[in-house]
>>> print(open('target.txt').read())   # compact mmCIF, C-alpha atoms
# COMPACT_ATOMS: atom_id res chain seq x y z
CA MET A 1 164.10 61.61 141.95
CA PRO A 2 160.45 62.45 142.72
CA SER A 3 159.46 66.05 142.05
CA SER A 4 156.34 68.18 142.15
CA SER A 5 154.90 70.77 139.78
CA ASP A 6 156.42 73.61 141.79
CA GLY A 7 159.93 72.27 141.19
CA PHE A 8 160.54 70.73 144.60
CA GLY A 9 161.53 67.11 145.01
CA GLY A 10 163.47 64.78 147.21
CA THR A 11 164.11 61.30 148.46
CA ALA A 12 164.42 59.59 151.84
CA PRO A 13 165.25 55.89 151.67
CA GLY A 14 167.03 54.35 154.65
CA SER A 15 169.84 51.84 154.34
CA LEU A 16 171.87 49.37 156.32
CA PRO A 17 175.07 48.88 154.31
CA GLY A 18 177.62 46.13 154.92
CA GLY A 19 180.47 46.34 157.35
CA GLY A 20 178.31 47.20 160.36
CA ARG A 21 177.68 50.78 159.28
CA SER A 22 174.17 52.20 159.48
CA GLY A 23 172.67 55.59 158.82
CA ILE A 24 170.78 57.71 156.33
CA GLU A 25 172.32 57.45 152.87
CA ASN A 26 169.91 59.70 150.93
CA ALA A 27 167.39 62.08 152.46
CA TYR A 28 167.38 65.50 150.83
CA LEU A 29 165.30 68.25 149.26
CA SER A 30 166.01 69.61 145.80
CA TYR A 31 164.65 72.62 143.94
CA VAL A 32 164.71 71.99 140.18
CA GLY A 33 162.15 74.54 139.02
CA ILE A 34 164.68 76.27 136.75
CA PRO A 35 165.85 74.02 133.88
CA GLY A 36 169.47 73.00 134.31
CA LEU A 37 169.70 74.25 137.90
CA ALA A 38 169.42 72.19 141.11
CA ILE A 39 169.63 73.57 144.65
CA GLU A 40 169.89 70.73 147.16
CA GLY A 41 170.37 70.03 150.84
CA GLY A 42 170.29 67.05 153.18
CA TYR A 43 172.09 63.72 153.18
CA MET A 44 173.10 62.65 149.69
CA ASP A 45 175.65 60.98 147.45
CA LEU A 46 177.62 63.89 145.99
CA PRO A 47 178.53 63.79 142.27
CA TYR A 48 182.11 64.76 143.20
CA THR A 49 184.69 63.14 140.87
CA LEU A 50 183.80 61.20 137.73
CA GLY A 51 184.12 57.84 139.48
CA GLU A 52 181.71 58.77 142.26
CA ALA A 53 179.27 60.53 139.90
CA MET A 54 178.66 57.21 138.12
CA SER A 55 176.10 55.16 140.01
CA SER A 56 177.37 51.96 141.63
CA ASN A 57 174.79 50.25 139.40
CA ASP A 58 176.58 51.58 136.30
CA ILE A 59 180.34 51.40 137.03
CA LEU A 60 182.42 48.97 134.99
CA PHE A 61 183.73 46.98 137.97
CA MET A 62 182.43 45.71 141.28
CA GLU A 63 184.19 48.51 143.17
CA ARG A 64 185.53 51.95 142.36
CA ALA A 65 189.26 52.61 142.21
CA SER A 66 190.96 53.04 145.60
CA SER A 67 192.24 56.50 144.66
CA THR A 68 188.64 57.70 144.27
CA GLU A 69 187.56 56.19 147.59
CA VAL A 70 190.48 57.79 149.44
CA ALA A 71 189.47 61.19 148.06
CA ILE A 72 185.73 61.07 148.69
CA ASN A 73 186.06 59.76 152.25
CA ILE A 74 187.70 63.02 153.36
CA ALA A 75 184.70 65.33 152.93
CA ALA A 76 182.31 63.76 150.40
CA GLY A 77 181.08 60.22 149.68
CA ASP A 78 178.00 58.37 150.86
CA PHE A 79 175.91 59.31 153.93
CA ARG A 80 177.31 62.88 153.79
CA SER A 81 175.38 65.91 155.05
CA THR A 82 175.59 68.70 152.49
CA ALA A 83 174.05 71.74 150.86
CA GLY A 84 174.91 72.96 147.39
CA VAL A 85 174.04 73.98 143.89
CA ARG A 86 174.76 72.54 140.44
CA TRP A 87 174.17 73.97 136.98
CA TYR A 88 174.40 72.09 133.71
CA ASN A 89 173.51 72.04 130.04
CA ASP A 90 174.54 69.94 127.05
CA LEU A 91 178.18 71.05 127.24
CA PHE A 92 178.97 72.19 130.79
CA TRP A 93 178.47 71.07 134.38
CA LEU A 94 179.36 73.12 137.47
CA GLY A 95 178.73 72.14 141.08
CA VAL A 96 179.68 73.48 144.53
CA ASN A 97 178.80 71.95 147.90
CA VAL A 98 179.45 72.64 151.57
CA THR A 99 179.69 69.37 153.51
CA GLY A 100 179.48 68.26 157.11
CA PRO A 101 179.74 64.96 158.97
CA THR A 102 178.26 61.66 157.81
CA SER A 103 174.99 60.37 159.22
CA GLY A 104 175.42 58.13 162.23
CA ALA A 105 178.46 60.02 163.52
CA ILE A 106 178.51 60.31 167.33
CA HIS A 107 178.85 63.86 168.65
CA SER A 108 178.65 63.24 172.41
CA TRP A 109 181.69 63.61 174.71
CA GLN A 110 180.16 60.82 176.83
CA SER A 111 180.89 58.27 174.08
CA VAL A 112 184.33 56.74 174.58
CA THR A 113 184.20 53.61 172.39
CA PRO A 114 183.94 54.84 169.73
CA PRO A 115 184.96 58.32 170.84
CA GLY A 116 182.54 61.16 170.26
CA MET A 117 183.61 63.64 167.57
CA SER A 118 182.78 67.26 166.90
CA GLU A 119 181.26 68.12 163.53
CA GLN A 120 183.68 68.58 160.64
CA LEU A 121 183.28 71.19 157.90
CA GLY A 122 184.37 70.70 154.29
CA GLY A 123 183.47 71.46 150.72
CA THR A 124 183.70 70.22 147.14
CA ALA A 125 183.73 71.82 143.69
CA ARG A 126 183.61 70.23 140.25
CA ALA A 127 183.69 71.66 136.72
CA VAL A 128 183.19 69.60 133.56
CA TRP A 129 183.27 70.42 129.86
CA HIS A 130 181.60 67.92 127.54
CA VAL A 131 183.80 68.91 124.62
CA VAL A 132 182.08 66.64 122.09
CA ASN A 133 178.47 65.64 122.62
CA GLN A 134 177.21 63.60 119.70
CA PRO A 135 175.16 60.40 119.53
CA GLY A 136 177.59 57.54 120.03
CA PHE A 137 180.62 59.84 120.43
CA GLY A 138 181.66 62.11 123.26
CA ILE A 139 184.69 63.64 124.97
CA HIS A 140 184.57 64.75 128.60
CA ILE A 141 187.22 66.67 130.60
CA GLY A 142 187.03 68.20 134.03
CA GLY A 143 188.64 69.24 137.27
CA ASP A 144 187.70 68.70 140.92
CA ALA A 145 188.62 70.21 144.27
CA GLU A 146 187.85 69.14 147.81
CA ALA A 147 188.78 70.74 151.12
CA LEU A 148 188.50 69.81 154.78
CA PHE A 149 188.27 73.25 156.37
CA LYS A 150 187.66 72.13 159.95
CA PRO A 151 188.64 68.59 160.99
CA ALA A 152 186.56 66.89 163.65
CA ASP A 153 187.85 67.00 167.27
CA ASP A 154 188.05 63.83 169.32
CA LEU A 155 185.86 64.88 172.26
CA VAL A 156 187.65 62.44 174.57
CA THR A 157 191.28 63.36 173.84
CA GLY A 158 190.75 66.79 172.25
CA LEU A 159 192.98 65.81 169.29
CA LYS A 160 192.40 66.39 165.60
CA SER A 161 193.40 63.53 163.32
CA LEU A 162 192.71 62.21 159.83
CA THR A 163 193.13 58.69 158.45
CA LEU A 164 193.53 57.99 154.73
CA GLY A 165 193.16 54.42 153.56
CA GLU A 166 191.10 51.94 151.58
CA ARG A 167 190.57 48.23 151.04
CA PRO A 168 192.15 46.74 147.87
CA GLU A 169 189.16 47.35 145.55
CA LEU A 170 187.33 44.34 146.96
CA ARG A 171 184.79 44.38 149.80
CA ILE A 172 185.09 40.71 150.82
CA ASP A 173 187.92 41.38 153.31
CA PRO A 174 187.38 44.40 155.61
CA THR A 175 191.12 44.76 156.33
CA ASN A 176 192.78 48.03 155.26
CA ILE A 177 196.43 47.28 154.51
CA LEU A 178 196.78 50.57 152.64
CA THR A 179 196.32 53.09 155.46
CA THR A 180 198.14 56.04 156.97
CA GLY A 181 196.71 55.34 160.40
CA PRO A 182 195.56 58.41 162.36
CA ILE A 183 197.59 61.43 161.21
CA ALA A 184 197.85 63.65 164.30
CA ASN A 185 197.63 67.44 164.64
CA VAL A 186 195.73 67.90 161.39
CA THR A 187 194.51 71.43 160.64
CA GLY A 188 193.03 70.75 157.19
CA ALA A 189 193.27 68.76 153.98
CA GLN A 190 192.85 69.36 150.25
CA VAL A 191 192.40 67.19 147.18
CA CYS A 192 192.85 68.37 143.60
CA SER A 193 192.13 66.09 140.67
CA VAL A 194 191.62 65.97 136.94
CA GLU A 195 189.25 63.71 135.01
CA ALA A 196 188.82 62.71 131.39
CA ALA A 197 186.61 60.30 129.48
CA ALA A 198 185.61 59.46 125.93
CA ASN A 199 183.07 57.14 124.39
CA TYR A 200 182.90 55.94 120.81
CA GLY A 201 180.10 53.53 120.06
CA PRO A 202 180.51 50.53 122.38
CA LEU A 203 183.88 51.76 123.74
CA LEU A 204 184.27 53.82 126.93
CA VAL A 205 187.62 55.04 128.27
CA GLN A 206 188.00 57.14 131.41
CA GLY A 207 190.53 58.04 134.08
CA GLU A 208 191.32 60.38 136.96
CA TYR A 209 194.43 61.53 138.83
CA TYR A 210 194.43 62.84 142.41
CA PHE A 211 196.79 64.95 144.52
CA TYR A 212 196.14 64.79 148.28
CA ASN A 213 197.55 67.29 150.79
CA VAL A 214 197.27 67.16 154.59
CA ASP A 215 198.23 70.21 156.66
CA ARG A 216 199.51 69.81 160.21
CA ALA A 217 200.06 72.06 163.23
CA LEU A 218 203.06 72.44 165.57
CA GLY A 219 205.41 73.26 162.70
CA LEU A 220 205.07 69.80 161.13
CA SER A 221 205.47 69.58 157.37
CA SER A 222 202.42 69.06 155.19
CA LEU A 223 202.00 65.56 153.78
CA ARG A 224 201.48 64.97 150.06
CA PHE A 225 200.16 61.79 148.46
CA ASN A 226 198.88 60.84 145.00
CA GLY A 227 196.90 58.24 143.10
CA GLY A 228 194.87 57.60 139.98
CA TYR A 229 193.39 55.09 137.58
CA ALA A 230 192.68 54.46 133.92
CA GLU A 231 189.98 52.07 132.73
CA ALA A 232 188.22 51.01 129.57
CA GLY A 233 185.15 48.98 128.70
CA TRP A 234 183.97 47.55 125.39
CA VAL A 235 180.44 46.23 124.90
CA ILE A 236 180.94 43.23 122.63
CA THR A 237 177.29 43.17 121.57
CA GLY A 238 177.45 46.76 120.30
CA GLU A 239 175.44 48.79 122.82
CA SER A 240 176.79 52.16 123.94
CA ARG A 241 176.55 54.07 127.21
CA ALA A 242 174.45 57.24 127.21
CA TYR A 243 175.71 60.41 128.92
CA HIS A 244 173.99 61.64 132.09
CA GLY A 245 174.05 65.43 131.83
CA GLY A 246 172.64 65.95 135.33
CA ARG A 247 175.63 64.19 136.95
CA ALA A 248 178.27 64.65 134.21
CA ALA A 249 178.91 60.92 134.02
CA TYR A 250 177.83 57.87 132.06
CA PHE A 251 174.79 55.66 132.43
CA GLY A 252 175.01 51.89 132.42
CA VAL A 253 174.46 49.51 129.51
CA VAL A 254 170.90 48.73 128.45
CA PRO A 255 170.69 45.56 126.30
CA GLU A 256 169.06 46.03 122.92
CA ASP A 257 168.13 42.34 122.95
CA PRO A 258 167.43 41.27 126.58
CA PHE A 259 168.03 37.67 127.53
CA SER A 260 165.00 35.50 126.85
CA LEU A 261 164.71 31.74 126.52
CA ALA A 262 161.54 32.20 124.53
CA GLY A 263 162.75 35.01 122.26
CA GLY A 264 166.36 33.89 121.86
CA GLY A 265 167.93 37.13 123.15
CA TRP A 266 171.31 37.00 124.89
CA GLY A 267 171.43 40.39 126.62
CA ALA A 268 174.55 42.58 126.43
CA TRP A 269 178.14 41.49 127.13
CA GLU A 270 180.99 43.80 128.15
CA ILE A 271 184.70 43.31 128.84
CA ALA A 272 186.68 45.82 130.88
CA ALA A 273 190.19 46.48 132.20
CA ARG A 274 191.62 48.92 134.76
CA TYR A 275 194.98 49.94 136.20
CA SER A 276 194.98 51.86 139.47
CA MET A 277 197.60 53.05 141.94
CA VAL A 278 197.74 54.92 145.24
CA ASN A 279 200.82 56.13 147.10
CA LEU A 280 200.23 57.03 150.76
CA ASN A 281 203.93 57.38 151.64
CA ASP A 282 205.56 60.73 152.32
CA ARG A 283 208.67 61.92 154.11
CA LEU A 284 210.02 58.40 154.54
CA GLY A 285 213.14 58.44 156.64
CA PHE A 286 211.94 61.40 158.74
CA PRO A 287 210.33 61.09 162.20
CA ASP A 288 207.30 63.11 161.07
CA GLY A 289 206.80 61.00 157.92
CA VAL A 290 203.94 58.63 157.12
CA ALA A 291 204.27 55.10 155.72
CA GLY A 292 200.73 54.42 154.53
CA GLY A 293 201.88 52.10 151.76
CA LYS A 294 201.85 51.98 147.98
CA GLN A 295 199.27 49.93 146.11
CA SER A 296 198.87 49.04 142.43
CA ILE A 297 196.12 46.82 141.02
CA ILE A 298 195.27 45.50 137.56
CA THR A 299 191.63 44.42 137.18
CA ALA A 300 189.90 42.55 134.37
CA GLY A 301 186.12 42.35 134.25
CA LEU A 302 183.33 40.59 132.40
CA ASN A 303 179.76 41.92 132.64
CA TRP A 304 176.61 40.22 131.42
CA TYR A 305 173.59 42.54 131.29
CA VAL A 306 170.64 40.15 131.30
CA ASN A 307 168.20 43.05 130.97
CA ARG A 308 168.10 46.68 132.11
CA ASN A 309 167.71 45.60 135.76
CA ILE A 310 169.95 42.53 136.23
CA ARG A 311 173.71 42.22 135.72
CA PHE A 312 176.18 39.41 136.42
CA MET A 313 179.74 40.60 137.16
CA LEU A 314 183.04 38.69 137.25
CA ASN A 315 186.29 40.45 138.27
CA TYR A 316 189.89 39.26 138.43
CA LEU A 317 192.36 41.40 140.41
CA HIS A 318 196.14 41.19 140.45
CA GLY A 319 197.67 43.62 142.90
CA ARG A 320 200.71 44.52 144.95
CA ILE A 321 200.94 46.44 148.20
CA ASP A 322 204.33 47.60 149.54
CA LYS A 323 204.30 48.88 153.10
CA GLN A 324 207.04 49.30 155.68
CA VAL A 325 206.42 49.22 159.41
CA SER A 326 206.99 52.97 159.90
CA ALA A 327 208.43 56.02 158.18
CA THR A 328 211.81 55.40 159.81
CA ASP A 329 211.88 51.58 159.82
CA SER A 330 212.36 49.95 156.42
CA THR A 331 214.92 47.32 157.37
CA ASP A 332 213.14 44.78 159.57
CA ALA A 333 211.80 42.25 157.03
CA ARG A 334 209.75 40.48 159.71
CA PHE A 335 207.39 43.43 159.83
CA GLN A 336 207.68 44.72 156.30
CA ILE A 337 204.64 44.06 154.10
CA ARG A 338 205.20 43.22 150.47
CA ARG A 339 202.16 41.39 149.24
CA ARG A 340 201.12 40.27 145.84
CA ARG A 341 197.55 39.12 145.69
CA ASP A 342 195.28 37.57 143.12
CA ALA A 343 191.55 37.47 143.65
CA TYR A 344 188.45 36.43 141.78
CA ALA A 345 185.07 37.88 142.70
CA SER A 346 181.57 37.79 141.29
CA ARG A 347 178.36 39.65 141.98
CA ILE A 348 174.75 39.60 140.86
CA LEU A 349 173.40 43.14 140.72
CA ALA A 350 169.68 43.92 140.61
CA LYS A 351 168.36 47.45 140.46
>>> encode(input="target.txt", output="structure tokens")
Amino acid sequence: MPSSSDGFGGTAPGSLPGGGRSGIENAYLSYVGIPGLAIEGGYMDLPYTLGEAMSSNDILFMERASSTEVAINIAAGDFRSTAGVRWYNDLFWLGVNVTGPTSGAIHSWQSVTPPGMSEQLGGTARAVWHVVNQPGFGIHIGGDAEALFKPADDLVTGLKSLTLGERPELRIDPTNILTTGPIANVTGAQVCSVEAAANYGPLLVQGEYYFYNVDRALGLSSLRFNGGYAEAGWVITGESRAYHGGRAAYFGVVPEDPFSLAGGGWGAWEIAARYSMVNLNDRLGFPDGVAGGKQSIITAGLNWYVNRNIRFMLNYLHGRIDKQVSATDSTDARFQIRRRRDAYASRILAK
């Protein structure tokens, strides 16, 4: 991030991401004049949760775990307006942010398709303890909290709703099978999670577990969901991932011997595996229940780091999604979704 001698810095690149979404991803000001302290505001990618704090250039797989995406889409994630503060040193990291709507959101009642929405208000908090911080060996534990204090109003219908869902850890198909659909009469939502990671030489192991809660009006019961993942990566060629104290997460792999036809280098090679699950079902059998589905995915990955800027990725996913047509209808097999899926995907990443 660019900064000046008085401690102020910032960034303002535009972006046009896939899936038809456009907006400002990062445009913020940051005061970093006091070592270990950052005061920031604008549109930015919040370092909320371990999975999201790792750059998409550095994560072990092509996509983050679905449980992480479900959490961050409530009141954090990319394109999010926010203001907050974070403090860190070699052992601890603490951060608190107030968040608003994402960039590109329409706030006019005259917009019907899509409907205009009022501005939402939320917040995030994260605390991390880097228990062991030695060269080539580290242990990281932490806890996270997120809250949606004021859901957005549909300016056309006047209703408050919230949808939780995510694609099956692959961005080739835009279809969300795992989804609650719009949950009506929402008054707020909370997410609590724990995170842990450890690295030893070329080995990195990390995981997170999430508890989601959605509060509703009109005497309706709150809805509770859960999800999590565990993953590991081993760099066959021996390189290790450095720790990023400013984000309380891990950097990517930098090859000690970059690929070169002239010099004979082969870059760095890494194998990785992950198990993830998300359960968006609650109160099945009751009229006020939600049948968002249950998803579990096993992913295997192979990464070739040609040099510090170019990476080839190959992922294999084996997953299952169980979803009934509604909270009270689990008998009609014509509409019941029970899908096993296998997928192969590859990506060339340049940064």
>>> atom_distance(input="target.txt", atom1="CA of Val85 in chain A", atom2="CA of Ile39 in chain A")
4.5 Å
>>> atom_distance(input="target.txt", atom1="CA of Ala248 in chain A", atom2="CA of Val131 in chain A")
11.9 Å
>>> closest_residue(input="target.txt", among="A:Ile298, A:Asn315, A:Gly285, A:Ser118", to="Asp329 in chain A", atoms="only C-alpha atoms")
A:Gly285
>>> residues_around(input="target.txt", residues="range 152-157 of chain A", least_positions_apart="5", cutoff="9 Å", atoms="all atoms listed in the file", output="PDB file with C-alpha atoms, in the coordinates of the input")
ATOM      1  CA  PRO A 101     179.740  64.960 158.970  1.00  0.00           C
ATOM      2  CA  HIS A 107     178.850  63.860 168.650  1.00  0.00           C
ATOM      3  CA  SER A 108     178.650  63.240 172.410  1.00  0.00           C
ATOM      4  CA  TRP A 109     181.690  63.610 174.710  1.00  0.00           C
ATOM      5  CA  GLN A 110     180.160  60.820 176.830  1.00  0.00           C
ATOM      6  CA  SER A 111     180.890  58.270 174.080  1.00  0.00           C
ATOM      7  CA  VAL A 112     184.330  56.740 174.580  1.00  0.00           C
ATOM      8  CA  PRO A 115     184.960  58.320 170.840  1.00  0.00           C
ATOM      9  CA  GLY A 116     182.540  61.160 170.260  1.00  0.00           C
ATOM     10  CA  MET A 117     183.610  63.640 167.570  1.00  0.00           C
ATOM     11  CA  SER A 118     182.780  67.260 166.900  1.00  0.00           C
ATOM     12  CA  GLU A 119     181.260  68.120 163.530  1.00  0.00           C
ATOM     13  CA  GLN A 120     183.680  68.580 160.640  1.00  0.00           C
ATOM     14  CA  LEU A 121     183.280  71.190 157.900  1.00  0.00           C
ATOM     15  CA  LEU A 162     192.710  62.210 159.830  1.00  0.00           C
TER      16      LEU A 162
END
>>> atom_distance(input="target.txt", atom1="CA of Gly201 in chain A", atom2="CA of Gly238 in chain A")
7.3 Å
>>> closest_residue(input="target.txt", among="A:Met62, A:Ile297, A:Ala75, A:Leu148", to="Gly188 in chain A", atoms="only C-alpha atoms")
A:Leu148
>>> residues_around(input="target.txt", residues="range 213-224 of chain A", least_positions_apart="6", cutoff="7 Å", atoms="all atoms listed in the file", output="list in words")
Asn185, Val186, Thr187, Gly188, Ala189, Gln190, Val191 and Asp282 of chain A
